[in-house]
file model.tsv (TSV, N, CA and C atoms)
chain	number	residue	atom	x	y	z
A	1	MET	N	14.45	-5.19	24.90
A	1	MET	CA	13.56	-5.12	23.76
A	1	MET	C	13.66	-6.44	22.99
A	2	THR	N	12.51	-7.01	22.64
A	2	THR	CA	12.51	-8.28	21.94
A	2	THR	C	12.95	-8.09	20.49
A	3	ARG	N	13.24	-9.19	19.86
A	3	ARG	CA	13.70	-9.15	18.47
A	3	ARG	C	12.62	-8.56	17.55
A	4	ASN	N	11.36	-8.98	17.77
A	4	ASN	CA	10.26	-8.46	16.95
A	4	ASN	C	10.07	-6.96	17.15
A	5	ALA	N	10.22	-6.49	18.37
A	5	ALA	CA	10.08	-5.06	18.64
A	5	ALA	C	11.19	-4.27	17.95
A	6	LYS	N	12.39	-4.82	17.94
A	6	LYS	CA	13.50	-4.15	17.24
A	6	LYS	C	13.24	-4.08	15.74
A	7	ILE	N	12.76	-5.17	15.17
A	7	ILE	CA	12.47	-5.20	13.73
A	7	ILE	C	11.35	-4.22	13.40
A	8	ASN	N	10.29	-4.20	14.22
A	8	ASN	CA	9.18	-3.28	13.97
A	8	ASN	C	9.64	-1.82	14.07
A	9	THR	N	10.47	-1.52	15.05
A	9	THR	CA	10.99	-0.16	15.20
A	9	THR	C	11.84	0.23	14.00
A	10	LEU	N	12.69	-0.67	13.55
A	10	LEU	CA	13.53	-0.41	12.39
A	10	LEU	C	12.68	-0.17	11.15
A	11	LEU	N	11.65	-0.98	10.94
A	11	LEU	CA	10.77	-0.81	9.78
A	11	LEU	C	10.02	0.52	9.86
A	12	LEU	N	9.57	0.89	11.04
A	12	LEU	CA	8.87	2.16	11.21
A	12	LEU	C	9.79	3.34	10.89
A	13	LEU	N	11.03	3.27	11.35
A	13	LEU	CA	12.00	4.33	11.05
A	13	LEU	C	12.31	4.39	9.55
A	14	LEU	N	12.39	3.24	8.91
A	14	LEU	CA	12.65	3.18	7.48
A	14	LEU	C	11.50	3.83	6.69
A	15	VAL	N	10.27	3.53	7.06
A	15	VAL	CA	9.11	4.12	6.39
A	15	VAL	C	9.09	5.63	6.60
A	16	ALA	N	9.38	6.07	7.82
A	16	ALA	CA	9.42	7.51	8.11
A	16	ALA	C	10.51	8.18	7.27
A	17	ALA	N	11.65	7.55	7.15
A	17	ALA	CA	12.75	8.11	6.35
A	17	ALA	C	12.34	8.22	4.88
A	18	LEU	N	11.66	7.19	4.36
A	18	LEU	CA	11.22	7.24	2.97
A	18	LEU	C	10.20	8.35	2.73
A	19	ALA	N	9.44	8.69	3.74
A	19	ALA	CA	8.45	9.75	3.59
A	19	ALA	C	9.07	11.13	3.73
A	20	VAL	N	10.06	11.27	4.62
A	20	VAL	CA	10.60	12.59	4.94
A	20	VAL	C	11.80	12.98	4.06
A	21	LEU	N	12.65	12.05	3.72
A	21	LEU	CA	13.88	12.38	2.99
A	21	LEU	C	13.66	13.11	1.67
A	22	PRO	N	12.73	12.69	0.81
A	22	PRO	CA	12.56	13.43	-0.44
A	22	PRO	C	12.20	14.90	-0.21
A	23	ILE	N	11.41	15.17	0.82
A	23	ILE	CA	11.04	16.56	1.12
A	23	ILE	C	12.23	17.30	1.71
A	24	ALA	N	12.93	16.66	2.65
A	24	ALA	CA	14.06	17.30	3.33
A	24	ALA	C	15.20	17.58	2.36
A	25	LEU	N	15.42	16.71	1.39
A	25	LEU	CA	16.51	16.89	0.44
A	25	LEU	C	16.12	17.80	-0.72
A	26	GLY	N	14.84	18.18	-0.79
A	26	GLY	CA	14.40	19.09	-1.84
A	26	GLY	C	14.38	18.47	-3.21
A	27	LEU	N	14.03	17.20	-3.30
A	27	LEU	CA	14.06	16.51	-4.59
A	27	LEU	C	12.99	17.00	-5.56
A	28	GLY	N	11.95	17.66	-5.07
A	28	GLY	CA	10.89	18.11	-5.96
A	28	GLY	C	10.94	19.59	-6.29
A	29	GLU	N	11.97	20.29	-5.85
A	29	GLU	CA	12.02	21.73	-6.07
A	29	GLU	C	12.22	22.07	-7.55
A	30	GLY	N	11.61	23.16	-7.96
A	30	GLY	CA	11.77	23.61	-9.34
A	30	GLY	C	10.76	23.01	-10.29
A	31	LYS	N	9.90	22.15	-9.83
A	31	LYS	CA	8.88	21.55	-10.68
A	31	LYS	C	7.53	22.14	-10.32
A	32	GLU	N	6.63	22.19	-11.32
A	32	GLU	CA	5.30	22.72	-11.07
A	32	GLU	C	4.54	21.82	-10.09
A	33	GLU	N	4.57	20.53	-10.33
A	33	GLU	CA	3.97	19.55	-9.41
A	33	GLU	C	5.09	18.60	-9.00
A	34	PRO	N	5.76	18.90	-7.90
A	34	PRO	CA	6.98	18.17	-7.56
A	34	PRO	C	6.78	16.68	-7.29
A	35	PHE	N	5.66	16.31	-6.73
A	35	PHE	CA	5.47	14.90	-6.40
A	35	PHE	C	4.28	14.32	-7.13
A	36	ALA	N	4.17	14.65	-8.42
A	36	ALA	CA	3.10	14.10	-9.24
A	36	ALA	C	3.35	12.59	-9.42
A	37	GLY	N	2.27	11.88	-9.62
A	37	GLY	CA	2.38	10.43	-9.78
A	37	GLY	C	3.01	10.04	-11.10
A	38	ALA	N	3.32	8.77	-11.24
A	38	ALA	CA	3.95	8.26	-12.44
A	38	ALA	C	3.04	8.41	-13.65
A	39	ASP	N	1.72	8.32	-13.45
A	39	ASP	CA	0.80	8.48	-14.57
A	39	ASP	C	0.90	9.87	-15.18
A	40	ALA	N	0.94	10.89	-14.32
A	40	ALA	CA	1.03	12.26	-14.81
A	40	ALA	C	2.37	12.50	-15.50
A	41	GLN	N	3.45	11.94	-14.96
A	41	GLN	CA	4.76	12.12	-15.58
A	41	GLN	C	4.82	11.40	-16.93
A	42	ALA	N	4.20	10.22	-17.02
A	42	ALA	CA	4.17	9.49	-18.29
A	42	ALA	C	3.37	10.26	-19.33
A	43	GLU	N	2.26	10.82	-18.92
A	43	GLU	CA	1.43	11.61	-19.84
A	43	GLU	C	2.20	12.81	-20.37
A	44	THR	N	2.95	13.47	-19.50
A	44	THR	CA	3.75	14.62	-19.92
A	44	THR	C	4.83	14.18	-20.91
A	45	ALA	N	5.50	13.07	-20.62
A	45	ALA	CA	6.55	12.59	-21.52
A	45	ALA	C	5.98	12.19	-22.88
A	46	ILE	N	4.82	11.56	-22.90
A	46	ILE	CA	4.21	11.14	-24.17
A	46	ILE	C	3.83	12.35	-25.00
A	47	THR	N	3.22	13.36	-24.38
A	47	THR	CA	2.81	14.55	-25.15
A	47	THR	C	4.02	15.33	-25.66
A	48	GLU	N	5.15	15.26	-24.95
A	48	GLU	CA	6.36	15.92	-25.45
A	48	GLU	C	6.94	15.17	-26.64
A	49	LEU	N	6.92	13.84	-26.58
A	49	LEU	CA	7.51	13.04	-27.65
A	49	LEU	C	6.60	12.97	-28.88
A	50	ARG	N	5.31	12.79	-28.64
A	50	ARG	CA	4.36	12.66	-29.75
A	50	ARG	C	3.12	13.50	-29.46
A	51	PRO	N	3.12	14.75	-29.87
A	51	PRO	CA	1.98	15.64	-29.57
A	51	PRO	C	0.66	15.18	-30.19
A	52	ASP	N	0.72	14.39	-31.27
A	52	ASP	CA	-0.50	13.95	-31.94
A	52	ASP	C	-1.06	12.64	-31.37
A	53	TYR	N	-0.46	12.12	-30.32
A	53	TYR	CA	-0.89	10.84	-29.74
A	53	TYR	C	-2.29	10.98	-29.15
A	54	GLU	N	-3.15	9.97	-29.44
A	54	GLU	CA	-4.48	9.93	-28.86
A	54	GLU	C	-4.60	8.66	-28.03
A	55	PRO	N	-5.10	8.78	-26.78
A	55	PRO	CA	-5.25	7.59	-25.93
A	55	PRO	C	-6.22	6.58	-26.54
A	56	TRP	N	-6.04	5.31	-26.21
A	56	TRP	CA	-6.88	4.25	-26.73
A	56	TRP	C	-8.28	4.27	-26.14
A	57	PHE	N	-8.37	4.71	-24.88
A	57	PHE	CA	-9.68	4.76	-24.24
A	57	PHE	C	-9.69	5.87	-23.21
A	58	SER	N	-10.86	6.19	-22.73
A	58	SER	CA	-10.98	7.24	-21.71
A	58	SER	C	-11.47	6.61	-20.40
A	59	PRO	N	-11.22	7.26	-19.28
A	59	PRO	CA	-11.63	6.70	-17.99
A	59	PRO	C	-13.16	6.58	-17.89
A	60	LEU	N	-13.62	5.59	-17.13
A	60	LEU	CA	-15.06	5.43	-16.92
A	60	LEU	C	-15.62	6.55	-16.05
A	61	TYR	N	-14.82	6.99	-15.08
A	61	TYR	CA	-15.25	8.06	-14.18
A	61	TYR	C	-14.10	9.04	-14.02
A	62	GLU	N	-14.37	10.29	-14.25
A	62	GLU	CA	-13.37	11.34	-14.10
A	62	GLU	C	-13.74	12.17	-12.87
A	63	PRO	N	-12.95	12.08	-11.79
A	63	PRO	CA	-13.26	12.86	-10.59
A	63	PRO	C	-13.27	14.36	-10.89
A	64	PRO	N	-14.13	15.12	-10.18
A	64	PRO	CA	-14.24	16.54	-10.46
A	64	PRO	C	-13.00	17.36	-10.12
A	65	SER	N	-12.16	16.86	-9.20
A	65	SER	CA	-10.95	17.62	-8.85
A	65	SER	C	-9.85	16.66	-8.40
A	66	GLY	N	-8.66	17.19	-8.28
A	66	GLY	CA	-7.52	16.39	-7.83
A	66	GLY	C	-7.68	15.93	-6.40
A	67	GLU	N	-8.35	16.74	-5.58
A	67	GLU	CA	-8.55	16.36	-4.18
A	67	GLU	C	-9.45	15.15	-4.07
A	68	VAL	N	-10.51	15.12	-4.88
A	68	VAL	CA	-11.43	13.98	-4.87
A	68	VAL	C	-10.69	12.74	-5.36
A	69	GLU	N	-9.88	12.91	-6.38
A	69	GLU	CA	-9.09	11.80	-6.92
A	69	GLU	C	-8.14	11.25	-5.86
A	70	SER	N	-7.48	12.14	-5.12
A	70	SER	CA	-6.58	11.72	-4.04
A	70	SER	C	-7.35	11.01	-2.93
A	71	ALA	N	-8.53	11.52	-2.60
A	71	ALA	CA	-9.34	10.90	-1.56
A	71	ALA	C	-9.78	9.50	-1.97
A	72	LEU	N	-10.18	9.33	-3.22
A	72	LEU	CA	-10.58	8.00	-3.71
A	72	LEU	C	-9.39	7.04	-3.70
A	73	PHE	N	-8.22	7.54	-4.07
A	73	PHE	CA	-7.03	6.70	-4.04
A	73	PHE	C	-6.70	6.29	-2.61
A	74	ALA	N	-6.80	7.23	-1.67
A	74	ALA	CA	-6.54	6.91	-0.26
A	74	ALA	C	-7.55	5.90	0.26
A	75	LEU	N	-8.82	6.04	-0.14
A	75	LEU	CA	-9.84	5.08	0.27
A	75	LEU	C	-9.54	3.69	-0.28
A	76	GLN	N	-9.12	3.65	-1.53
A	76	GLN	CA	-8.76	2.37	-2.14
A	76	GLN	C	-7.58	1.73	-1.40
A	77	ALA	N	-6.59	2.52	-1.05
A	77	ALA	CA	-5.43	2.00	-0.32
A	77	ALA	C	-5.85	1.51	1.07
A	78	ALA	N	-6.72	2.26	1.74
A	78	ALA	CA	-7.17	1.86	3.08
A	78	ALA	C	-7.97	0.56	3.02
A	79	LEU	N	-8.84	0.44	2.03
A	79	LEU	CA	-9.61	-0.80	1.90
A	79	LEU	C	-8.69	-1.99	1.61
A	80	GLY	N	-7.71	-1.79	0.75
A	80	GLY	CA	-6.76	-2.85	0.46
A	80	GLY	C	-5.97	-3.26	1.69
A	81	ALA	N	-5.53	-2.27	2.47
A	81	ALA	CA	-4.80	-2.57	3.71
A	81	ALA	C	-5.70	-3.30	4.69
A	82	GLY	N	-6.98	-2.92	4.75
A	82	GLY	CA	-7.92	-3.60	5.64
A	82	GLY	C	-8.14	-5.05	5.25
A	83	VAL	N	-8.26	-5.30	3.95
A	83	VAL	CA	-8.44	-6.68	3.48
A	83	VAL	C	-7.21	-7.51	3.82
A	84	LEU	N	-6.02	-6.96	3.58
A	84	LEU	CA	-4.79	-7.69	3.91
A	84	LEU	C	-4.67	-7.94	5.42
A	85	ALA	N	-4.97	-6.94	6.22
A	85	ALA	CA	-4.89	-7.09	7.67
A	85	ALA	C	-5.88	-8.15	8.15
A	86	TYR	N	-7.10	-8.15	7.59
A	86	TYR	CA	-8.09	-9.16	7.96
A	86	TYR	C	-7.60	-10.56	7.60
A	87	TYR	N	-7.07	-10.71	6.39
A	87	TYR	CA	-6.57	-12.01	5.95
A	87	TYR	C	-5.47	-12.52	6.89
A	88	PHE	N	-4.48	-11.67	7.17
A	88	PHE	CA	-3.38	-12.11	8.03
A	88	PHE	C	-3.85	-12.34	9.46
A	89	GLY	N	-4.82	-11.57	9.92
A	89	GLY	CA	-5.37	-11.78	11.26
A	89	GLY	C	-6.10	-13.11	11.37
A	90	VAL	N	-6.92	-13.42	10.37
A	90	VAL	CA	-7.63	-14.71	10.37
A	90	VAL	C	-6.64	-15.86	10.28
A	91	ARG	N	-5.64	-15.70	9.45
A	91	ARG	CA	-4.63	-16.76	9.29
A	91	ARG	C	-3.89	-17.01	10.60
A	92	ARG	N	-3.51	-15.94	11.27
A	92	ARG	CA	-2.80	-16.09	12.54
A	92	ARG	C	-3.72	-16.67	13.62
A	93	GLY	N	-4.97	-16.22	13.64
A	93	GLY	CA	-5.94	-16.74	14.60
A	93	GLY	C	-6.17	-18.23	14.42
A	94	ARG	N	-6.26	-18.67	13.18
A	94	ARG	CA	-6.45	-20.11	12.92
A	94	ARG	C	-5.24	-20.90	13.40
A	95	ARG	N	-4.05	-20.35	13.12
A	95	ARG	CA	-2.83	-21.04	13.54
A	95	ARG	C	-2.76	-21.13	15.07
A	96	GLN	N	-3.11	-20.04	15.74
A	96	GLN	CA	-3.10	-20.06	17.20
A	96	GLN	C	-4.18	-20.98	17.74
A	97	GLY	N	-5.34	-21.01	17.08
A	97	GLY	CA	-6.41	-21.92	17.49
A	97	GLY	C	-6.03	-23.37	17.34
A	98	GLU	N	-5.35	-23.69	16.25
A	98	GLU	CA	-4.89	-25.07	16.05
A	98	GLU	C	-3.86	-25.46	17.10
A	99	ALA	N	-2.95	-24.53	17.41
A	99	ALA	CA	-1.92	-24.81	18.42
A	99	ALA	C	-2.57	-24.99	19.79
A	100	ALA	N	-3.55	-24.14	20.11
A	100	ALA	CA	-4.23	-24.26	21.40
A	100	ALA	C	-5.07	-25.53	21.44
A	101	GLY	N	-5.70	-25.87	20.33
A	101	GLY	CA	-6.52	-27.08	20.27
A	101	GLY	C	-5.67	-28.33	20.41
A	102	ALA	N	-4.49	-28.31	19.84
A	102	ALA	CA	-3.59	-29.45	19.96
A	102	ALA	C	-3.14	-29.62	21.40
A	103	GLY	N	-2.90	-28.52	22.10
A	103	GLY	CA	-2.48	-28.56	23.49
A	103	GLY	C	-3.59	-29.04	24.40
A	104	HIS	N	-4.83	-28.60	24.15
A	104	HIS	CA	-5.96	-29.00	24.97
A	104	HIS	C	-6.39	-30.43	24.66
A	105	GLY	N	-6.20	-30.86	23.45
A	105	GLY	CA	-6.56	-32.23	23.08
A	105	GLY	C	-5.78	-33.25	23.88
A	106	ASP	N	-4.51	-32.98	24.15
A	106	ASP	CA	-3.70	-33.89	24.94
A	106	ASP	C	-4.19	-33.95	26.37
A	107	ASP	N	-4.61	-32.80	26.93
A	107	ASP	CA	-5.10	-32.76	28.31
A	107	ASP	C	-6.39	-33.53	28.45
A	108	GLN	N	-7.30	-33.42	27.47
A	108	GLN	CA	-8.58	-34.08	27.55
A	108	GLN	C	-8.44	-35.59	27.39
A	109	SER	N	-7.52	-36.04	26.54
A	109	SER	CA	-7.37	-37.48	26.34
A	109	SER	C	-6.77	-38.14	27.58
A	110	SER	N	-5.95	-37.40	28.33
A	110	SER	CA	-5.36	-37.99	29.52
A	110	SER	C	-6.36	-38.06	30.66
A	111	ARG	N	-7.42	-37.23	30.63
A	111	ARG	CA	-8.45	-37.25	31.66
A	111	ARG	C	-9.54	-38.26	31.35
A	112	GLY	N	-9.54	-38.78	30.15
A	112	GLY	CA	-10.55	-39.75	29.79
A	112	GLY	C	-11.80	-39.11	29.22
A	113	ALA	N	-11.75	-37.86	28.84
A	113	ALA	CA	-12.92	-37.17	28.29
A	113	ALA	C	-13.06	-37.41	26.81
call {"tool": "encode", "arguments": {"input": "model.tsv", "output": "structure tokens"}}
result
Amino acid sequence: MTRNAKINTLLLLLVAALAVLPIALGLGEGKEEPFAGADAQAETAITELRPDYEPWFSPLYEPPSGEVESALFALQAALGAGVLAYYFGVRRGRRQGEAAGAGHGDDQSSRGA
């Protein structure tokens, strides 16, 4: 197994462990929404500390349900991952093209082309 394959396998196992361990260890048990996001937890903490607090602004769009909100968040994450993958793919392709062009340039100059 190559060094890159070992690193990729290790990273994949690490990501899987981060996804499975909180559930396997029962870290969310006893809570109404065990894996609520940080925004929801912050809102709960603020209302407990200062019940009269009023937000400075309201959202531009309020999704009709939590499922729609989760779907929009997943879409946003997928689009972001796609943009990053495209950027790194183009960057790597350019680097490989430059390396291949440098190699072919030497061959053409020696042939007199």
call {"tool": "atom_distance", "arguments": {"input": "model.tsv", "atom1": "CA of Ala77 (chain A)", "atom2": "atom C of Pro59 (chain A)"}}
result
19.7 Å
call {"tool": "select_by_dssp", "arguments": {"input": "model.tsv", "residues": "region 42-81 of chain A", "states": "alpha helix (DSSP H)", "output": "ChimeraX atom specification"}}
result
/A:42-49,66-81
call {"tool": "atom_distance", "arguments": {"input": "model.tsv", "atom1": "CA of Gly89 (chain A)", "atom2": "CA of Leu14 (chain A)"}}
result
23.7 Å
call {"tool": "atom_distance", "arguments": {"input": "model.tsv", "atom1": "CA of Ile23 (chain A)", "atom2": "CA of Ser70 (chain A)"}}
result
19.0 Å
